[in-house]
Structure formats: C-alpha cells, structure tokens
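K.L.:
Input file: coords.cif. Contents: mmCIF, C-alpha atoms and all ligand atoms.
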```cif
data_protein
#
loop_
_atom_site.group_PDB
_atom_site.id
_atom_site.type_symbol
_atom_site.label_atom_id
_atom_site.label_comp_id
_atom_site.auth_asym_id
_atom_site.auth_seq_id
_atom_site.Cartn_x
_atom_site.Cartn_y
_atom_site.Cartn_z
ATOM 1 C CA MET A 1 29.454 7.429 -25.275
ATOM 2 C CA ASP A 2 31.976 6.508 -22.634
ATOM 3 C CA GLU A 3 34.417 4.096 -24.227
ATOM 4 C CA LEU A 4 35.884 2.965 -20.947
ATOM 5 C CA PRO A 5 34.090 0.217 -19.063
ATOM 6 C CA ASN A 6 32.758 1.231 -15.665
ATOM 7 C CA ARG A 7 33.964 -0.682 -12.651
ATOM 8 C CA ARG A 8 31.119 -3.164 -12.734
ATOM 9 C CA THR A 9 31.719 -4.186 -16.337
ATOM 10 C CA PHE A 10 35.466 -4.130 -15.753
ATOM 11 C CA LEU A 11 35.036 -6.583 -12.902
ATOM 12 C CA GLN A 12 32.855 -8.776 -15.072
ATOM 13 C CA MET A 13 35.307 -8.615 -17.964
ATOM 14 C CA SER A 14 38.359 -9.285 -15.857
ATOM 15 C CA GLY A 15 36.715 -11.919 -13.715
ATOM 16 C CA LEU A 16 37.935 -10.212 -10.555
ATOM 17 C CA ALA A 17 36.028 -11.107 -7.436
ATOM 18 C CA ALA A 18 33.875 -8.316 -6.072
ATOM 19 C CA GLY A 19 35.890 -8.468 -2.888
ATOM 20 C CA ALA A 20 39.227 -7.886 -4.595
ATOM 21 C CA ALA A 21 41.460 -5.870 -2.312
ATOM 22 C CA MET A 22 42.837 -3.652 -5.065
ATOM 23 C CA LEU A 23 40.650 -1.228 -6.908
ATOM 24 C CA PRO A 24 41.359 -1.716 -10.588
ATOM 25 C CA LEU A 25 40.240 1.738 -11.706
ATOM 26 C CA SER A 26 40.267 5.176 -10.231
ATOM 27 C CA ALA A 27 36.903 6.744 -9.575
ATOM 28 C CA THR A 28 34.944 7.901 -12.554
ATOM 29 C CA GLY A 29 33.519 11.351 -12.170
ATOM 30 C CA ALA A 30 34.945 12.215 -8.771
ATOM 31 C CA GLN A 31 38.176 14.160 -8.679
ATOM 32 C CA ALA A 32 40.786 12.257 -6.677
ATOM 33 C CA LYS A 33 42.887 15.039 -5.152
ATOM 34 C CA GLN A 34 44.935 12.825 -2.834
ATOM 35 C CA PRO A 35 47.199 10.204 -4.413
ATOM 36 C CA ASN A 36 45.493 7.343 -2.598
ATOM 37 C CA ALA A 37 41.968 8.768 -2.686
ATOM 38 C CA VAL A 38 39.234 6.842 -4.448
ATOM 39 C CA PHE A 39 37.086 9.965 -4.153
ATOM 40 C CA ASP A 40 37.668 13.325 -2.482
ATOM 41 C CA LEU A 41 34.666 15.630 -2.245
ATOM 42 C CA ASP A 42 35.447 19.174 -1.066
ATOM 43 C CA PHE A 43 32.124 20.578 -2.347
ATOM 44 C CA SER A 44 33.794 23.588 -3.958
ATOM 45 C CA ASP A 45 31.962 22.463 -7.091
ATOM 46 C CA GLY A 46 28.259 21.675 -7.394
ATOM 47 C CA ASP A 47 29.196 18.386 -9.061
ATOM 48 C CA ASP A 48 30.281 17.059 -5.656
ATOM 49 C CA ALA A 49 26.626 17.082 -4.539
ATOM 50 C CA ALA A 50 25.196 15.891 -7.866
ATOM 51 C CA ASP A 51 23.105 12.799 -8.455
ATOM 52 C CA ASN A 52 24.691 9.557 -9.643
ATOM 53 C CA THR A 53 24.619 8.923 -13.403
ATOM 54 C CA SER A 54 25.549 6.039 -15.670
ATOM 55 C CA SER A 55 28.966 7.622 -16.253
ATOM 56 C CA SER A 56 29.697 9.538 -13.044
ATOM 57 C CA ALA A 57 29.873 8.809 -9.333
ATOM 58 C CA GLY A 58 27.230 10.633 -7.333
ATOM 59 C CA TRP A 59 24.430 10.595 -4.809
ATOM 60 C CA VAL A 60 21.363 8.354 -4.720
ATOM 61 C CA VAL A 61 18.321 8.805 -2.453
ATOM 62 C CA ASP A 62 18.348 6.203 0.305
ATOM 63 C CA ARG A 63 15.105 6.026 2.330
ATOM 64 C CA ARG A 64 13.534 9.451 1.831
ATOM 65 C CA ALA A 65 14.791 12.429 -0.158
ATOM 66 C CA PRO A 66 15.637 15.607 1.743
ATOM 67 C CA GLU A 67 14.177 18.869 0.431
ATOM 68 C CA ALA A 68 17.570 19.825 -1.022
ATOM 69 C CA TRP A 69 21.062 18.361 -1.346
ATOM 70 C CA THR A 70 23.404 21.055 -2.620
ATOM 71 C CA THR A 71 26.754 22.725 -2.198
ATOM 72 C CA ASP A 72 26.775 25.961 -0.200
ATOM 73 C CA SER A 73 29.967 27.963 0.356
ATOM 74 C CA GLY A 74 32.116 24.918 -0.286
ATOM 75 C CA ARG A 75 30.141 22.585 1.951
ATOM 76 C CA LEU A 76 27.535 19.885 1.431
ATOM 77 C CA CYS A 77 24.247 21.414 2.582
ATOM 78 C CA ILE A 78 21.360 19.094 3.493
ATOM 79 C CA ASP A 79 17.940 20.719 3.849
ATOM 80 C CA ILE A 80 15.460 18.466 5.643
ATOM 81 C CA ASP A 81 11.956 18.051 4.210
ATOM 82 C CA GLU A 82 10.007 18.843 7.358
ATOM 83 C CA THR A 83 6.699 17.909 5.649
ATOM 84 C CA ALA A 84 7.668 14.223 5.293
ATOM 85 C CA GLU A 85 7.331 11.326 7.782
ATOM 86 C CA THR A 86 8.551 11.935 11.335
ATOM 87 C CA SER A 87 8.388 8.313 12.483
ATOM 88 C CA GLY A 88 9.367 4.889 11.250
ATOM 89 C CA PHE A 89 11.687 3.893 8.427
ATOM 90 C CA TYR A 90 11.137 7.049 6.371
ATOM 91 C CA ARG A 91 11.939 9.517 9.145
ATOM 92 C CA TYR A 92 15.526 9.025 7.942
ATOM 93 C CA GLN A 93 16.256 11.385 5.075
ATOM 94 C CA GLY A 94 19.454 11.162 3.099
ATOM 95 C CA LYS A 95 21.487 10.002 0.167
ATOM 96 C CA LYS A 96 24.259 7.490 -0.425
ATOM 97 C CA TYR A 97 27.425 8.052 -2.445
ATOM 98 C CA GLN A 98 27.973 5.428 -5.129
ATOM 99 C CA ASP A 99 30.344 4.952 -8.040
ATOM 100 C CA ALA A 100 29.118 5.501 -11.593
ATOM 101 C CA ASP A 101 25.993 3.642 -12.626
ATOM 102 C CA GLY A 102 25.045 2.963 -9.002
ATOM 103 C CA SER A 103 28.035 0.689 -8.403
ATOM 104 C CA TYR A 104 29.567 -0.089 -5.037
ATOM 105 C CA TRP A 105 33.097 1.083 -4.159
ATOM 106 C CA TYR A 106 34.430 -2.322 -3.021
ATOM 107 C CA ALA A 107 37.069 -0.759 -0.730
ATOM 108 C CA GLY A 108 38.666 -3.451 1.402
ATOM 109 C CA ARG A 109 40.522 -3.689 4.700
ATOM 110 C CA GLY A 110 42.705 -0.720 5.529
ATOM 111 C CA SER A 111 40.395 1.683 3.701
ATOM 112 C CA ARG A 112 39.299 4.847 5.469
ATOM 113 C CA LEU A 113 36.299 7.094 5.046
ATOM 114 C CA SER A 114 36.824 10.536 6.506
ATOM 115 C CA TYR A 115 34.564 13.568 6.616
ATOM 116 C CA ARG A 116 33.839 16.753 8.536
ATOM 117 C CA PHE A 117 30.521 17.488 10.239
ATOM 118 C CA TYR A 118 29.268 20.847 11.489
ATOM 119 C CA ILE A 119 27.764 21.129 14.975
ATOM 120 C CA ASP A 120 25.555 24.226 14.987
ATOM 121 C CA PRO A 121 25.753 25.979 18.374
ATOM 122 C CA ALA A 122 22.135 27.131 17.927
ATOM 123 C CA TRP A 123 20.986 23.524 18.374
ATOM 124 C CA GLU A 124 21.567 23.677 22.144
ATOM 125 C CA THR A 125 19.161 26.562 22.651
ATOM 126 C CA ASP A 126 16.553 26.155 19.917
ATOM 127 C CA GLY A 127 14.175 23.781 21.709
ATOM 128 C CA GLU A 128 14.238 21.438 18.698
ATOM 129 C CA ALA A 129 15.865 18.059 18.121
ATOM 130 C CA HIS A 130 18.703 17.383 15.659
ATOM 131 C CA GLU A 131 20.355 14.138 14.603
ATOM 132 C CA SER A 132 22.553 13.332 11.627
ATOM 133 C CA GLY A 133 25.092 10.640 10.899
ATOM 134 C CA VAL A 134 27.001 8.506 8.449
ATOM 135 C CA TRP A 135 26.287 4.859 7.655
ATOM 136 C CA PRO A 136 29.266 3.205 5.924
ATOM 137 C CA VAL A 137 27.596 0.154 4.406
ATOM 138 C CA LEU A 138 29.758 -2.957 4.718
ATOM 139 C CA GLY A 139 29.752 -5.971 2.437
ATOM 140 C CA ASN A 140 30.956 -9.546 2.555
ATOM 141 C CA ALA A 141 33.520 -10.963 0.151
ATOM 142 C CA ASP A 142 30.780 -11.622 -2.399
ATOM 143 C CA GLY A 143 29.746 -7.965 -2.370
ATOM 144 C CA ALA A 144 26.437 -8.509 -0.545
ATOM 145 C CA ILE A 145 25.503 -6.079 2.239
ATOM 146 C CA SER A 146 26.565 -7.483 5.620
ATOM 147 C CA ALA A 147 26.206 -4.615 8.124
ATOM 148 C CA TYR A 148 25.197 -0.986 8.579
ATOM 149 C CA PRO A 149 27.472 0.513 11.221
ATOM 150 C CA ILE A 150 26.557 4.123 12.079
ATOM 151 C CA LEU A 151 28.097 7.092 13.835
ATOM 152 C CA ALA A 152 25.500 9.787 14.572
ATOM 153 C CA TYR A 153 25.525 13.137 16.333
ATOM 154 C CA GLN A 154 22.541 14.040 18.499
ATOM 155 C CA ASP A 155 21.903 17.413 20.056
ATOM 156 C CA SER A 156 20.548 17.489 23.614
ATOM 157 C CA GLY A 157 16.992 17.569 22.236
ATOM 158 C CA ALA A 158 17.452 14.294 20.346
ATOM 159 C CA SER A 159 19.633 12.391 22.813
ATOM 160 C CA ASP A 160 18.109 9.879 25.252
ATOM 161 C CA THR A 161 20.733 10.949 27.760
ATOM 162 C CA GLY A 162 19.610 14.584 27.651
ATOM 163 C CA ASP A 163 23.101 15.697 26.646
ATOM 164 C CA ALA A 164 24.470 16.286 23.172
ATOM 165 C CA GLN A 165 26.554 13.326 22.095
ATOM 166 C CA PHE A 166 27.741 10.935 19.433
ATOM 167 C CA ARG A 167 26.345 7.432 19.401
ATOM 168 C CA ALA A 168 27.389 4.363 17.435
ATOM 169 C CA TYR A 169 25.399 1.464 16.026
ATOM 170 C CA VAL A 170 27.264 -1.819 16.487
ATOM 171 C CA TYR A 171 26.793 -5.509 15.735
ATOM 172 C CA GLU A 172 27.362 -8.324 18.204
ATOM 173 C CA SER A 173 28.006 -11.996 17.595
ATOM 174 C CA ASP A 174 28.398 -15.166 19.625
ATOM 175 C CA GLU A 175 31.709 -16.998 20.054
ATOM 176 C CA ASP A 176 31.155 -18.740 16.707
ATOM 177 C CA GLY A 177 30.824 -15.411 14.941
ATOM 178 C CA ASN A 178 27.090 -15.720 14.398
ATOM 179 C CA PHE A 179 24.911 -12.647 14.623
ATOM 180 C CA VAL A 180 23.240 -12.055 18.004
ATOM 181 C CA THR A 181 22.074 -8.467 18.066
ATOM 182 C CA ASP A 182 22.661 -4.907 16.961
ATOM 183 C CA LYS A 183 22.364 -1.924 19.238
ATOM 184 C CA TRP A 184 23.177 1.717 19.878
ATOM 185 C CA ILE A 185 26.097 2.614 22.138
ATOM 186 C CA ASP A 186 26.008 6.065 23.763
ATOM 187 C CA LEU A 187 29.441 7.645 23.411
ATOM 188 C CA GLY A 188 28.744 11.002 25.040
ATOM 189 C CA LEU A 189 31.256 13.752 24.300
ATOM 190 C CA PRO A 190 34.448 12.634 26.068
ATOM 191 C CA LYS A 191 36.705 15.546 27.095
ATOM 192 C CA LYS A 192 39.505 14.282 24.849
ATOM 193 C CA LEU A 193 37.420 15.226 21.794
ATOM 194 C CA GLY A 194 37.514 18.902 22.691
ATOM 195 C CA ILE A 195 33.906 19.432 21.603
ATOM 196 C CA ASP A 196 31.609 21.915 23.338
ATOM 197 C CA PRO A 197 28.147 21.647 21.774
ATOM 198 C CA GLU A 198 27.286 25.163 22.900
ATOM 199 C CA GLU A 199 30.260 26.495 20.957
ATOM 200 C CA GLY A 200 29.726 24.145 18.042
ATOM 201 C CA GLY A 201 32.036 24.029 15.040
ATOM 202 C CA TRP A 202 33.499 21.453 12.682
ATOM 203 C CA VAL A 203 34.544 18.016 13.846
ATOM 204 C CA ASP A 204 36.682 15.494 11.948
ATOM 205 C CA VAL A 205 35.424 11.928 11.740
ATOM 206 C CA GLU A 206 37.103 8.824 10.339
ATOM 207 C CA ALA A 207 35.892 5.252 9.870
ATOM 208 C CA GLN A 208 38.749 2.823 9.302
ATOM 209 C CA LEU A 209 38.133 -0.761 8.205
ATOM 210 C CA GLN A 210 40.256 -3.093 10.346
ATOM 211 C CA ARG A 211 40.961 -6.786 10.040
ATOM 212 C CA PHE A 212 38.898 -8.853 12.482
ATOM 213 C CA ARG A 213 38.552 -12.648 12.556
ATOM 214 C CA ASP A 214 37.848 -13.688 8.954
ATOM 215 C CA GLY A 215 36.514 -10.283 8.074
ATOM 216 C CA ALA A 216 36.713 -6.676 9.132
ATOM 217 C CA ALA A 217 35.263 -4.188 11.598
ATOM 218 C CA LEU A 218 35.358 -0.437 12.004
ATOM 219 C CA LYS A 219 37.385 1.860 14.176
ATOM 220 C CA TRP A 220 35.679 5.238 14.525
ATOM 221 C CA ARG A 221 37.755 8.311 15.334
ATOM 222 C CA ILE A 222 36.498 11.792 16.158
ATOM 223 C CA ASN A 223 39.038 14.636 16.032
ATOM 224 C CA ASN A 224 41.715 11.932 15.666
ATOM 225 C CA LYS A 225 40.706 10.222 18.938
ATOM 226 C CA LEU A 226 39.497 6.640 18.950
ATOM 227 C CA VAL A 227 35.884 6.516 20.172
ATOM 228 C CA VAL A 228 34.720 3.066 19.055
ATOM 229 C CA ASP A 229 36.627 -0.077 18.188
ATOM 230 C CA GLU A 230 33.888 -2.374 16.956
ATOM 231 C CA ARG A 231 36.124 -5.370 17.537
ATOM 232 C CA GLY A 232 35.582 -4.588 21.223
ATOM 233 C CA TYR A 233 31.873 -5.186 20.729
ATOM 234 C CA ASN A 234 32.502 -8.682 19.425
ATOM 235 C CA VAL A 235 31.266 -7.506 16.083
ATOM 236 C CA PHE A 236 29.510 -9.731 13.601
ATOM 237 C CA ALA A 237 32.156 -9.806 10.916
ATOM 238 C CA PRO A 238 31.665 -11.583 7.668
ATOM 239 C CA SER A 239 32.269 -8.029 6.370
ATOM 240 C CA THR A 240 35.384 -7.400 4.313
ATOM 241 C CA GLN A 241 34.794 -4.111 2.507
ATOM 242 C CA PHE A 242 33.019 -0.769 2.221
ATOM 243 C CA LEU A 243 30.261 -0.814 -0.364
ATOM 244 C CA GLU A 244 28.652 2.638 -0.163
ATOM 245 C CA PHE A 245 28.237 5.555 2.249
ATOM 246 C CA ILE A 246 24.864 6.866 3.426
ATOM 247 C CA PHE A 247 24.467 10.305 5.002
ATOM 248 C CA ASN A 248 21.211 10.178 6.956
ATOM 249 C CA SER A 249 19.429 12.737 9.119
ATOM 250 C CA ILE A 250 16.227 12.358 11.096
ATOM 251 C CA ASN A 251 13.200 14.491 10.254
ATOM 252 C CA PHE A 252 11.767 15.842 13.509
ATOM 253 C CA GLY A 253 9.039 17.799 11.691
ATOM 254 C CA LYS A 254 10.882 21.136 11.795
ATOM 255 C CA ASP A 255 13.055 22.692 9.155
ATOM 256 C CA ALA A 256 16.677 21.731 9.720
ATOM 257 C CA THR A 257 19.980 22.073 7.880
ATOM 258 C CA TYR A 258 23.075 19.890 8.195
ATOM 259 C CA TYR A 259 26.539 20.538 6.784
ATOM 260 C CA TYR A 260 29.265 18.074 5.831
ATOM 261 C CA ASP A 261 32.568 18.616 4.042
ATOM 262 C CA ASP A 262 35.740 16.859 2.851
ATOM 263 C CA VAL A 263 34.210 13.440 2.287
ATOM 264 C CA VAL A 264 37.184 11.270 1.310
ATOM 265 C CA LEU A 265 37.665 7.553 0.746
ATOM 266 C CA THR A 266 41.220 6.240 0.680
ATOM 267 C CA THR A 267 42.449 2.709 0.153
ATOM 268 C CA PRO A 268 45.970 1.353 0.702
ATOM 269 C CA GLY A 269 45.847 -0.368 -2.672
ATOM 270 C CA ASN A 270 44.945 2.727 -4.599
ATOM 271 C CA ALA A 271 48.202 4.437 -3.666
ATOM 272 C CA ARG A 272 49.985 2.051 -5.998
ATOM 273 C CA ASN A 273 48.062 3.544 -8.898
ATOM 274 C CA LYS A 274 49.594 6.972 -8.300
HETATM 275 CA CA CA A 301 34.804 22.401 1.310
HETATM 276 CA CA CA A 302 13.392 22.228 4.732
HETATM 277 CA CA CA A 303 18.129 21.494 20.089
#
```
Would you write out, as structure tokens, the structure that this file holds?
P.N.:
Amino acid sequence: MDELPNRRTFLQMSGLAAGAAMLPLSATGAQAKQPNAVFDLDFSDGDDAADNTSSSAGWVVDRRAPEAWTTDSGRLCIDIDETAETSGFYRYQGKKYQDADGSYWYAGRGSRLSYRFYIDPAWETDGEAHESGVWPVLGNADGAISAYPILAYQDSGASDTGDAQFRAYVYESDEDGNFVTDKWIDLGLPKKLGIDPEEGGWVDVEAQLQRFRDGAALKWRINNKLVVDERGYNVFAPSTQFLEFIFNSINFGKDATYYYDDVVLTTPGNARNK
C-alpha cells in the first residue's frame, strides 16, 4: 500500500483550495526530469503511455478508445480504430493525462504545457484526411471544468480551407465576461512557423496559461512563435488553472497513426520544490 496520500486526499487533509497556485506534491508516478516539471513524458519507457492507476499518473480514455496507445521508438504512438464511429461525438478518439487516481493537475496561471507533434509528409499525397490535436482542459477556482481550448493540426484532406493548417478552438464573452460563443479559428501555416506540410517533421507546441481579467486564458505557440492569444478573442475566463490534457484525433474511417513526444507540464510554483 502507498503510505503517502495522493494529491486529492492531501488537498482534503490540508484544506487547501483546489485552485491553490502552488502544487503541494510532485507528481506521483511520472518522472519529473526538469526541476520545475510536474510531469515530463519522453516516452523512452512504456510507462509513459500507460493507463492511470490509483497510485500512478497515467492515461484515461476520453470519448472513444483508439486501437492502441503505446510507445514506439521513444514516441507516443496513437493507432486509430478505423472500425469505430466516423461522425458525431465519438469520432474523436483519444486519452487524457491525469494524476494518480484520476485526479486533476490543478496547475495555475503561469503554467505551461509543451509537446511535440509529428506531421507525416505522406498525409499530403495519400488522399485521406488527418486531424489530431491537444485539448488542455481548464478549470475555475473551484476545480470545475470551465473551458476546452484546442489546438489541432489538419492535413489538406481534413481542412475546410483545402490547405494543411493548425486551427484553434476559442471562447468568446460579452463585455461583462459572460459566455457568448465558442468557435474554430483557422490559423493556416504562417511562414514564420517554418512548416512545410509536404516535408513534414516534428513541430514544437506550447500552451501557456496567462492572467486575464479575473481568470486566465491561453497563449498558444508553435515552434516558439505566438499563433493565438486567446485574450485577443475576448475569451470567457472564469478559468484559473489546467485540470487535465486530452490528446484527441478524428477517426475518418481509415487506419491512421499519430505521434507525439516530450509532453511536459511546468508550473512556476513547482520550481520552489526543487
Ligand atoms: Ca522521446
Ligand atoms: Ca488502426
Ligand atoms: Ca491527406
């Protein structure tokens, strides 16, 4: 038996609010390789793709399970189940990364999620559609889910614009901060990103939680270039923290494989625990 309390029981015992800015414990189960990392998944070990357990951080099926979720040559390898739904809610296949016992991460303002995503050059000539992205789930100060921002890559077969691109899902509010709508923003592939979809390769992505009004909103960077500042979309922002991170891909009814690597969450507060 694990004698240490997990984060949830620790929070209950200590009476800390769920929205506390400092993380009281380092991650259980995930190896923190950077001094201020809450988790740092390099997928050199199969454990980095393993399911969540009562005593270890790990992955939990979100809407629909992919066919396989494994490490392959030091990368996270996602094999789409092409026999499952190709429309509606369950066309999204993926898993979310949670702390031990299915707990949220409660990472507040200033925290950053970073990861690498592989653009397969074959996607531009295969006559099939591909789309995959990351949904950093945001929560309010009470720890309830407040928003699902998304950054997704679409090949030319999946994109409404006909060109391969990234797109972002953003939330809008009125002048009082009340929710109005959520929508997709086409980002294209601006030259500054240095991405040629026909050449493919790895891209670096970062989602940084910034202060906004009484809450927080994301800045998305691709290859260290700012592509979306959600504050510029007048974002609905009772959000104050990251809760969990979903990696979702769309099933287009054909076999497909997606690769991610170096999935890292850092918080400013955690550095003090070095
Ligand atoms: Ca790796
Ligand atoms: Ca498959
Ligand atoms: Ca294609």
K.L.:
Ligand CA 303 (chain A): which residues are within 7 Å, counting all atoms listed in the file? Reply as a VMD selection string.
P.N.:
chain A and resid 123 to 130 155 to 157
K.L.:
Residues of chain A that have any atom at most 9 Å from an atom of ligand CA 301 (chain A): could you tabulate them with the shortest-distance atom pair and the distance in Å to one decimal, using only C-alpha atoms and all ligand atoms, ordered by chain and increasing number, as CSV?
P.N.:
```
residue,atom,partner,partner_atom,distance
A:Leu41,CA,A:CA301,CA,7.6
A:Asp42,CA,A:CA301,CA,4.1
A:Phe43,CA,A:CA301,CA,4.9
A:Ser44,CA,A:CA301,CA,5.5
A:Asp45,CA,A:CA301,CA,8.9
A:Thr71,CA,A:CA301,CA,8.8
A:Asp72,CA,A:CA301,CA,8.9
A:Ser73,CA,A:CA301,CA,7.4
A:Gly74,CA,A:CA301,CA,4.0
A:Arg75,CA,A:CA301,CA,4.7
A:Leu76,CA,A:CA301,CA,7.7
A:Tyr260,CA,A:CA301,CA,8.4
A:Asp261,CA,A:CA301,CA,5.2
A:Asp262,CA,A:CA301,CA,5.8
```
K.L.:
Rank A:Thr257, A:Thr86, A:Thr266, A:Thr53 by their smallest atom-to-atom distance to ligand CA 302 (chain A), using all atoms listed in the file, and report the top residue only.
P.N.:
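Nearest candidate to ligand CA 302 (chain A) out of A:Thr257, A:Thr86, A:Thr266, A:Thr53: A:Thr257.
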K.L.:
Residues at most 10 Å from Ala216 (chain A), counting all atoms listed in the file, excluding those fewer than 3 positions away in the same chain, as a PyMOL selection string?
P.N.:
chain A and resi 108-110+138-140+208-213+219+230-231+235-242
K.L.:
Applying 10 Å and only C-alpha atoms, which residues near Asn224 (chain A) remain after dropping the ones on its own chain fewer than 2 positions away? List them as an NGL selection string.
P.N.:
:A and (192-193 or 203-206 or 220-222 or 226-227)
K.L.:
Once you have the residues from the selection above, write them out as a compact mmCIF listing (two decimals), in the coordinates of the input, restricted to C-alpha atoms.
P.N.:
```txt
# COMPACT_ATOMS: atom_id res chain seq x y z
CA LYS A 192 39.51 14.28 24.85
CA LEU A 193 37.42 15.23 21.79
CA VAL A 203 34.54 18.02 13.85
CA ASP A 204 36.68 15.49 11.95
CA VAL A 205 35.42 11.93 11.74
CA GLU A 206 37.10 8.82 10.34
CA TRP A 220 35.68 5.24 14.52
CA ARG A 221 37.76 8.31 15.33
CA ILE A 222 36.50 11.79 16.16
CA LEU A 226 39.50 6.64 18.95
CA VAL A 227 35.88 6.52 20.17
```
K.L.:
Residues around (25.7, 29.0, 18.9), cut-off 12 Å, counting only C-alpha atoms - what are they as a PDB file with C-alpha atoms, in the frame of the given file?
P.N.:
```
ATOM      1  CA  TYR A 118      29.268  20.847  11.489  1.00  0.00           C
ATOM      2  CA  ILE A 119      27.764  21.129  14.975  1.00  0.00           C
ATOM      3  CA  ASP A 120      25.555  24.226  14.987  1.00  0.00           C
ATOM      4  CA  PRO A 121      25.753  25.979  18.374  1.00  0.00           C
ATOM      5  CA  ALA A 122      22.135  27.131  17.927  1.00  0.00           C
ATOM      6  CA  TRP A 123      20.986  23.524  18.374  1.00  0.00           C
ATOM      7  CA  GLU A 124      21.567  23.677  22.144  1.00  0.00           C
ATOM      8  CA  THR A 125      19.161  26.562  22.651  1.00  0.00           C
ATOM      9  CA  ASP A 126      16.553  26.155  19.917  1.00  0.00           C
ATOM     10  CA  ASP A 196      31.609  21.915  23.338  1.00  0.00           C
ATOM     11  CA  PRO A 197      28.147  21.647  21.774  1.00  0.00           C
ATOM     12  CA  GLU A 198      27.286  25.163  22.900  1.00  0.00           C
ATOM     13  CA  GLU A 199      30.260  26.495  20.957  1.00  0.00           C
ATOM     14  CA  GLY A 200      29.726  24.145  18.042  1.00  0.00           C
ATOM     15  CA  GLY A 201      32.036  24.029  15.040  1.00  0.00           C
TER      16      GLY A 201
END
```
K.L.:
For Asp101 (chain A), which of A:Gly143, A:Pro136, A:Gly58, A:Pro268 is the closest residue, counting all atoms listed in the file?
P.N.:
A:Gly58
K.L.:
Listing only residues of chain A within 10 Å of ligand CA 302 (chain A), what is the closest atom pair and its distance in Å (to one decimal) for each, using all atoms listed in the file, sorted by chain and residue number ascending, as a Markdown table?
P.N.:
```
| residue | atom | partner | partner_atom | distance |
| --- | --- | --- | --- | --- |
| A:Pro66 | CA | A:CA302 | CA | 7.6 |
| A:Glu67 | CA | A:CA302 | CA | 5.5 |
| A:Ala68 | CA | A:CA302 | CA | 7.5 |
| A:Ile78 | CA | A:CA302 | CA | 8.7 |
| A:Asp79 | CA | A:CA302 | CA | 4.9 |
| A:Ile80 | CA | A:CA302 | CA | 4.4 |
| A:Asp81 | CA | A:CA302 | CA | 4.4 |
| A:Glu82 | CA | A:CA302 | CA | 5.5 |
| A:Thr83 | CA | A:CA302 | CA | 8.0 |
| A:Ala84 | CA | A:CA302 | CA | 9.9 |
| A:Asn251 | CA | A:CA302 | CA | 9.5 |
| A:Gly253 | CA | A:CA302 | CA | 9.3 |
| A:Lys254 | CA | A:CA302 | CA | 7.6 |
| A:Asp255 | CA | A:CA302 | CA | 4.5 |
| A:Ala256 | CA | A:CA302 | CA | 6.0 |
| A:Thr257 | CA | A:CA302 | CA | 7.3 |
```
K.L.:
Given the point (19.8, 10.4, 23.5) in the file's coordinates, find the residues that have an atom at most 12 Å from it, counting only C-alpha atoms, and give them as a compact mmCIF listing (two decimals) with C-alpha atoms, keeping the file's coordinate frame.
P.N.:
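New file out.txt:
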```
# COMPACT_ATOMS: atom_id res chain seq x y z
CA ALA A 129 15.86 18.06 18.12
CA HIS A 130 18.70 17.38 15.66
CA GLU A 131 20.36 14.14 14.60
CA ALA A 152 25.50 9.79 14.57
CA TYR A 153 25.52 13.14 16.33
CA GLN A 154 22.54 14.04 18.50
CA ASP A 155 21.90 17.41 20.06
CA SER A 156 20.55 17.49 23.61
CA GLY A 157 16.99 17.57 22.24
CA ALA A 158 17.45 14.29 20.35
CA SER A 159 19.63 12.39 22.81
CA ASP A 160 18.11 9.88 25.25
CA THR A 161 20.73 10.95 27.76
CA GLY A 162 19.61 14.58 27.65
CA ASP A 163 23.10 15.70 26.65
CA ALA A 164 24.47 16.29 23.17
CA GLN A 165 26.55 13.33 22.10
CA PHE A 166 27.74 10.94 19.43
CA ARG A 167 26.34 7.43 19.40
CA ALA A 168 27.39 4.36 17.43
CA TRP A 184 23.18 1.72 19.88
CA ILE A 185 26.10 2.61 22.14
CA ASP A 186 26.01 6.06 23.76
CA LEU A 187 29.44 7.64 23.41
CA GLY A 188 28.74 11.00 25.04
CA LEU A 189 31.26 13.75 24.30
```
K.L.:
Determine the nearest neighbour of Glu85 (chain A) from the options A:Lys191, A:Ile250, A:Asp40, A:Val263, counting only C-alpha atoms.
P.N.:
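Closest candidate: A:Ile250.
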K.L.:
Which polymer residues have any atom within 8 Å of an atom of Trp59 (chain A), counting all atoms listed in the file, with same-chain residues fewer than 5 positions away left out, as a list in words?
P.N.:
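With the cut-off at 8 Å, the set is Ala49, Ala50, Asp51, Asn52, Lys95, Lys96, Tyr97 and Gln98 of chain A.
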K.L.:
Hey, which of A:Pro35, A:Ala144, A:Gly194, A:Ser173 ends up closest to Tyr104 (chain A)? Count only C-alpha atoms.
P.N.:
A:Ala144
K.L.:
In Å, how far is it from CA of Ile150 (chain A) to CA of Gly133 (chain A)?
P.N.:
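CA of Ile150 (chain A) sits 6.8 Å away from CA of Gly133 (chain A).
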K.L.:
Suppose you want the space between CA of Phe117 (chain A) and CA of Tyr258 (chain A); what is it in Å?
P.N.:
8.1 Å
